[in-house]
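S.K.: Encoded as C-alpha cells, here's the structure I'll be asking about.
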Amino acid sequence: MRRVTVVLALAGAVLPACGPAARELARGPAGAAGPRSLVQALADRFGPVDREPGFDSLRPKLAAGAMVPSRVFDDPSAWRTRGDGWRAVDLDGYSTGGVYRIGARGEALPARAPGQYRASVHLRRIDGSRFEWLVTEDLALGPTRPADLAGALDALFRGAERSTEASARADIAASLPRAAARVGLLLRIERLALRHDAERATSVELAVRLDPAGIRGFAPRCSAFLQRYATPIRASVAVADAEGATWWTLAAADNLWTVRLRVRDGSLVPLAGPADRRLPGALRATADFSTYMGRFKVGERGLAVGLALARTATDKSLTARFLEEPDWDLPFLVETLLHSPLRYPFERPGSEVTVGVRGTPAGTLFTGVYRARVRENWILRWLGGMVGNAVDEFRLGAEREADEYMRECLLALRDDLAALDATS
C-alpha cells in the first residue's frame, strides 16, 4: 500500500507542474528525454508483475510479523541470511521480457538501470519480546539529477506565483490532458485557491477529492478497498519551525485532502507574516490521526515528529524522527493494557523514516530507510491481526488493479511529456 500512496502523491505533484517544470527536468544530462525516462522508470515498477514463488510466500509472513516479530523471527523459510540475534533477506525487482520480476535474495545487486529495485529487510531481537526492524530500499530513476527535481519543484512554485485558479486549471488541461483525465478518475482537484499578498508572496490552498467510485468500473476491488480503508481517515498535520512559524499544513476528512502553503520567488515561506525567510533544515510536525479498523476506532492525538531536511546537490531527503509518544485513541481498556508496548517505539533512539532522492555515478535513486522498534504483548498481536487482515485484503484482491491503474496514469503522463517536447 505504501508504494501506491507514494505514486499517487507523485502523480498529484507532477500534474500541476506542467510545461515549466518539465522543461526544468529537461535541463539534466538526458536532455528532453529526461522527464519521460523518469516517468517510464516509475511505470516499469508497476508491471505486469511476476512475483517469484519465494517472494510471494515471504510477503504474508513479513506482514504478519510487522507488529509481532516473533511470528517470523524463527521461521527459517523467511530469511536468506542470519546471525546471533538477527535475520535478513534482500529483495530485488527488474524489467525482463515485458514483465517486472520481483524475488528474494541473500544479497541483491545494487539498483542501477532505470526501474531496477533493491530492498534489504533486517530484523534484530534486542532482548525478550523487544525487536527492531530496519528496511532500506532503492529504486533507480535514471539520469535525472536530484538538483533537476528540485529545480522542477521551484518552477512549480514560481508558476503558482504567476497564476490564477482559472489559468492553473487551464494549464493542466492543456499541457497534460491524458494524465489529467486518467488521474482525475480517482483524484479530483476540488479547490485551487491562489492569493497574492503585500509581501509579494502567494498563498496556495489545494484540495483534492479522493473518489473511489471513479475507478469502480475497471478496478472494483481497489475501489472497494479505498472506500473501506481510506474514507474513514481523519488527519491534520502542521509543520512549524523552532520559532513557532507554521510552514505548511495538511488536513484530511471525508475523502478531501487539503494542503496549505505559501511561496515567494520559487521557495516556501511561512504561512503568515514576513516572507523574507527560507525553509530551515530542522522542523517539527504535529499530527492527529484517526480511522476505523473494522468496528473499532483507532488513532492518536498530538504526535510530535522531528523533521530534518538534507539539501545538497546530490541528496534531497526528509527524515522524520519519532521520539515523543502521543495520546492514543483506542478501544476500551486497550490503551491501558498497551501503555508500555506503545511507549517503547518512542524511547531513544526512537523510530524514524527517511525518504528522498540521491545521486550516484550510475544515476539517481529514490531511497527509503525505515527503522521501527516493537515490544510485543497479546494485545499488540490483536492489533497486528487487524492490520494484517487489511494487508491481506489488499494483496489478494486490490493490488493487481492498483498496480495496473498506477501504470496507466504514469504512461499517460509520459505520453503528455512527449507531446510537450514535440511542441516546444
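Convention: chains lettered A, B, ... in C-alpha cells order; per-chain residue numbering from 1; ligands numbered from 1 as shown.
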Please, which residues in segment 168-201 of chain A fall within 10 Å of segment 390-407 of chain A when counting only C-alpha atoms, and what is the closest atom pair and distance in Å to one decimal for each, ordered by chain then residue number, as CSV?
M.R.:
residue,atom,partner,partner_atom,distance
A:Arg182,CA,A:Tyr405,CA,8.6
A:Val183,CA,A:Met406,CA,8.6
A:Leu186,CA,A:Tyr405,CA,9.8
S.K.: Write the residues of the selection above to a file with C-alpha atoms, as an mmCIF file, in the first residue's frame.
M.R.:
data_model
loop_
_atom_site.group_PDB
_atom_site.id
_atom_site.type_symbol
_atom_site.label_atom_id
_atom_site.label_comp_id
_atom_site.auth_asym_id
_atom_site.auth_seq_id
_atom_site.Cartn_x
_atom_site.Cartn_y
_atom_site.Cartn_z
ATOM 1 C CA ARG A 182 -6.683 9.325 -16.087
ATOM 2 C CA VAL A 183 -5.592 10.524 -12.644
ATOM 3 C CA LEU A 186 -9.616 8.872 -8.722
#
S.K.: Find the residues around segment 281-290 of chain A up to 6 Å (only C-alpha atoms counted), leave out those fewer than 2 positions away in its own chain, and share them as a list of chain:residue names.
M.R.: A:Ile233, A:Arg234, A:Ala235, A:Ser236, A:Val237, A:Ala238, A:Val239, A:Ala240, A:Asp241, A:Val298, A:Gly299, A:Glu300, A:Arg301, A:Gly302, A:Leu303, A:Ala304, A:Val305, A:Gly306, A:Leu307, A:Ala308, A:Leu309
S.K.: List the spatial neighbours of Gly115 of chain A as a list in words - criterion: any atom at most 10 Å away, only C-alpha atoms, same-chain residues fewer than 2 positions off excluded.
M.R.: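 Selected residues are Ser37, Leu38, Val39, Gln40, Ala41, Leu42, Ala43, Asp44, Arg45, Phe46, Gly93, Tyr94, Ser95, Tyr100, Ala111, Arg112, Ala113, Tyr117, Asp138, Leu139, Ala140, Leu141, Gly142 and Leu365 of chain A.
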S.K.: Please identify the strand (DSSP E) residues within segment 154-352 of chain A (assignment by DSSP from backbone atoms) and present them as JSON, numbers by chain.
M.R.: {"A": [187, 188, 189, 190, 191, 192, 193, 194, 195, 196, 202, 203, 204, 205, 206, 207, 208, 209, 210, 234, 235, 236, 237, 238, 239, 240, 246, 247, 248, 249, 250, 251, 252, 253, 256, 257, 258, 259, 260, 261, 262, 263, 264, 267, 268, 269, 282, 283, 284, 285, 286, 287, 288, 289, 290, 291, 292, 293, 296, 297, 298, 299, 300, 301, 302, 303, 304, 305, 306, 307, 308, 309, 310, 311, 315, 316, 317, 318, 319, 320, 321, 322, 327, 328, 329, 351, 352]}
S.K.: Residues of segment 43-279 of chain A classed as alpha helix (DSSP H) by DSSP on the backbone are to be reported as an MDAnalysis selection string.
M.R.: chainID A and resid 43:44 53:65 70:73 146:161 165:175 177:183 220:229
S.K.: When distances are computed from only C-alpha atoms, which of A:Thr312, A:Pro143, A:Val204, A:Pro232 shows the smallest separation from Thr360 of chain A?
M.R.: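 Ranking A:Thr312, A:Pro143, A:Val204, A:Pro232 by distance to Thr360 of chain A, first place goes to A:Pro143.
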S.K.: Calculate how many Å separate atom CA of Trp328 of chain A from atom CA of Arg125 of chain A, rounding to one decimal.
M.R.: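 Separating atom CA of Trp328 of chain A from atom CA of Arg125 of chain A is a distance of 26.0 Å.
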S.K.: If we count only C-alpha atoms, what is near Arg188 of chain A at a cut-off of 9 Å, once residues fewer than 6 positions away on the same chain are taken out, given as a VMD selection string?
M.R.: chain A and resid 207 to 211
S.K.: Please identify all polymer residues within 12 Å of Gly28 of chain A, counting only C-alpha atoms, omitting same-chain residues fewer than 4 positions from it, and present them as a compact mmCIF listing (two decimals) with N, CA and C atoms, in the first residue's frame.
M.R.:
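Saved the output as part.txt:
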# COMPACT_ATOMS: atom_id res chain seq x y z
N ALA A 22 8.49 20.51 -16.46
CA ALA A 22 9.02 19.53 -17.39
C ALA A 22 10.27 20.06 -18.09
N ARG A 23 10.21 21.34 -18.48
CA ARG A 23 11.39 21.94 -19.14
C ARG A 23 12.57 22.02 -18.18
N GLU A 24 12.28 22.22 -16.89
CA GLU A 24 13.37 22.25 -15.90
C GLU A 24 14.02 20.88 -15.79
N ALA A 32 15.90 16.43 -23.33
CA ALA A 32 14.45 16.38 -23.44
C ALA A 32 13.87 15.02 -23.08
N ALA A 33 14.68 13.97 -23.20
CA ALA A 33 14.19 12.62 -22.86
C ALA A 33 14.17 12.38 -21.35
N GLY A 34 14.80 13.27 -20.56
CA GLY A 34 14.90 13.06 -19.13
C GLY A 34 13.58 12.89 -18.42
N PRO A 35 12.61 13.81 -18.60
CA PRO A 35 11.32 13.64 -17.91
C PRO A 35 10.62 12.34 -18.28
N SER A 37 12.03 9.55 -19.32
CA SER A 37 12.79 8.45 -18.75
C SER A 37 12.45 8.26 -17.28
N LEU A 38 12.32 9.37 -16.56
CA LEU A 38 11.98 9.31 -15.14
C LEU A 38 10.62 8.66 -14.94
N GLY A 142 17.06 6.72 -13.18
CA GLY A 142 17.68 7.15 -14.42
C GLY A 142 18.56 8.37 -14.23
N PRO A 143 18.85 9.09 -15.31
CA PRO A 143 19.87 10.15 -15.26
C PRO A 143 19.39 11.48 -14.68
N THR A 144 18.08 11.67 -14.47
CA THR A 144 17.60 12.93 -13.91
C THR A 144 18.21 13.13 -12.52
N ARG A 145 18.86 14.27 -12.31
CA ARG A 145 19.59 14.51 -11.08
C ARG A 145 18.69 15.08 -9.98
N PRO A 146 19.07 14.86 -8.71
CA PRO A 146 18.29 15.47 -7.62
C PRO A 146 18.13 16.99 -7.79
N ALA A 147 19.17 17.66 -8.26
CA ALA A 147 19.07 19.11 -8.47
C ALA A 147 18.03 19.44 -9.54
N ASP A 148 17.88 18.57 -10.57
CA ASP A 148 16.86 18.80 -11.59
C ASP A 148 15.46 18.68 -10.99
N LEU A 149 15.26 17.69 -10.10
CA LEU A 149 13.97 17.53 -9.45
C LEU A 149 13.64 18.73 -8.56
N ALA A 150 14.67 19.21 -7.84
CA ALA A 150 14.46 20.40 -7.01
C ALA A 150 14.13 21.61 -7.88
N GLY A 151 14.79 21.73 -9.02
CA GLY A 151 14.50 22.83 -9.93
C GLY A 151 13.09 22.77 -10.47
N ALA A 152 12.58 21.55 -10.72
CA ALA A 152 11.20 21.41 -11.21
C ALA A 152 10.20 21.86 -10.15
N GLY A 363 23.40 7.02 -11.74
CA GLY A 363 22.11 7.68 -11.89
C GLY A 363 21.50 8.00 -10.55
N THR A 364 20.26 8.45 -10.57
CA THR A 364 19.58 8.87 -9.34
C THR A 364 18.73 7.74 -8.78
S.K.: Mind checking which residues fall within 9 Å of Asp90 of chain A, counting only C-alpha atoms, ignoring those fewer than 3 positions away in the same chain, and posting them as a PyMOL selection string?
M.R.: chain A and resi 79-80+103-108+118-122
S.K.: Those residues you just picked out, can you put them in a file as an mmCIF file, in the first residue's frame with C-alpha atoms?
M.R.:
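The result, stored in again06.cif:
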data_model
loop_
_atom_site.group_PDB
_atom_site.id
_atom_site.type_symbol
_atom_site.label_atom_id
_atom_site.label_comp_id
_atom_site.auth_asym_id
_atom_site.auth_seq_id
_atom_site.Cartn_x
_atom_site.Cartn_y
_atom_site.Cartn_z
ATOM 1 C CA TRP A 79 15.267 -15.434 5.755
ATOM 2 C CA ARG A 80 18.272 -15.837 3.470
ATOM 3 C CA GLY A 103 12.346 -12.036 -5.980
ATOM 4 C CA ALA A 104 14.009 -12.700 -2.634
ATOM 5 C CA ARG A 105 17.799 -12.955 -2.442
ATOM 6 C CA GLY A 106 20.613 -13.487 0.013
ATOM 7 C CA GLU A 107 22.335 -10.394 -1.370
ATOM 8 C CA ALA A 108 20.687 -8.423 -4.146
ATOM 9 C CA ARG A 118 16.577 -3.286 -4.333
ATOM 10 C CA ALA A 119 15.495 -3.622 -0.699
ATOM 11 C CA SER A 120 17.024 -5.082 2.434
ATOM 12 C CA VAL A 121 14.869 -6.272 5.338
ATOM 13 C CA HIS A 122 16.691 -6.722 8.651
#
S.K.: Looking at only C-alpha atoms, which of A:Ala160, A:Leu268, A:Val357, A:Leu323 is the one that sits closest to Arg311 of chain A?
M.R.: A:Val357
S.K.: Could you please determine the separation between atom CA of Arg195 of chain A and atom CA of Val263 of chain A in Å, to one decimal place?
M.R.: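 Distance between the two atoms: 10.4 Å.
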S.K.: Within 12 Å of Pro20 of chain A, counting only C-alpha atoms, which residues qualify if same-chain residues fewer than 4 places away don't, as a list in words?
M.R.: Val14, Leu15, Pro16, Glu24, Leu25, Ala26, Arg27, Pro35, Gly151, Ala152, Leu153, Asp154, Ala155, Leu156, Phe157, Arg158, Gly159, Ala160, Arg162, Asp171, Ile172, Ser175, Leu417, Leu420, Asp421 and Ser424 of chain A
S.K.: Under the rule that only C-alpha atoms are counted, which of A:Leu192, A:Trp257, A:Arg71, A:Asp329 is the nearest residue to Ala170 of chain A?
M.R.: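 Once distances to Ala170 of chain A are computed over only C-alpha atoms, the minimum belongs to A:Leu192.
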S.K.: Go through A:Phe55, A:Trp133, A:Phe346, A:Phe225 one by one, measure the shortest atom-to-atom distance of each to Val369 of chain A using only C-alpha atoms, and give the residue with the smallest value.
M.R.: A:Trp133
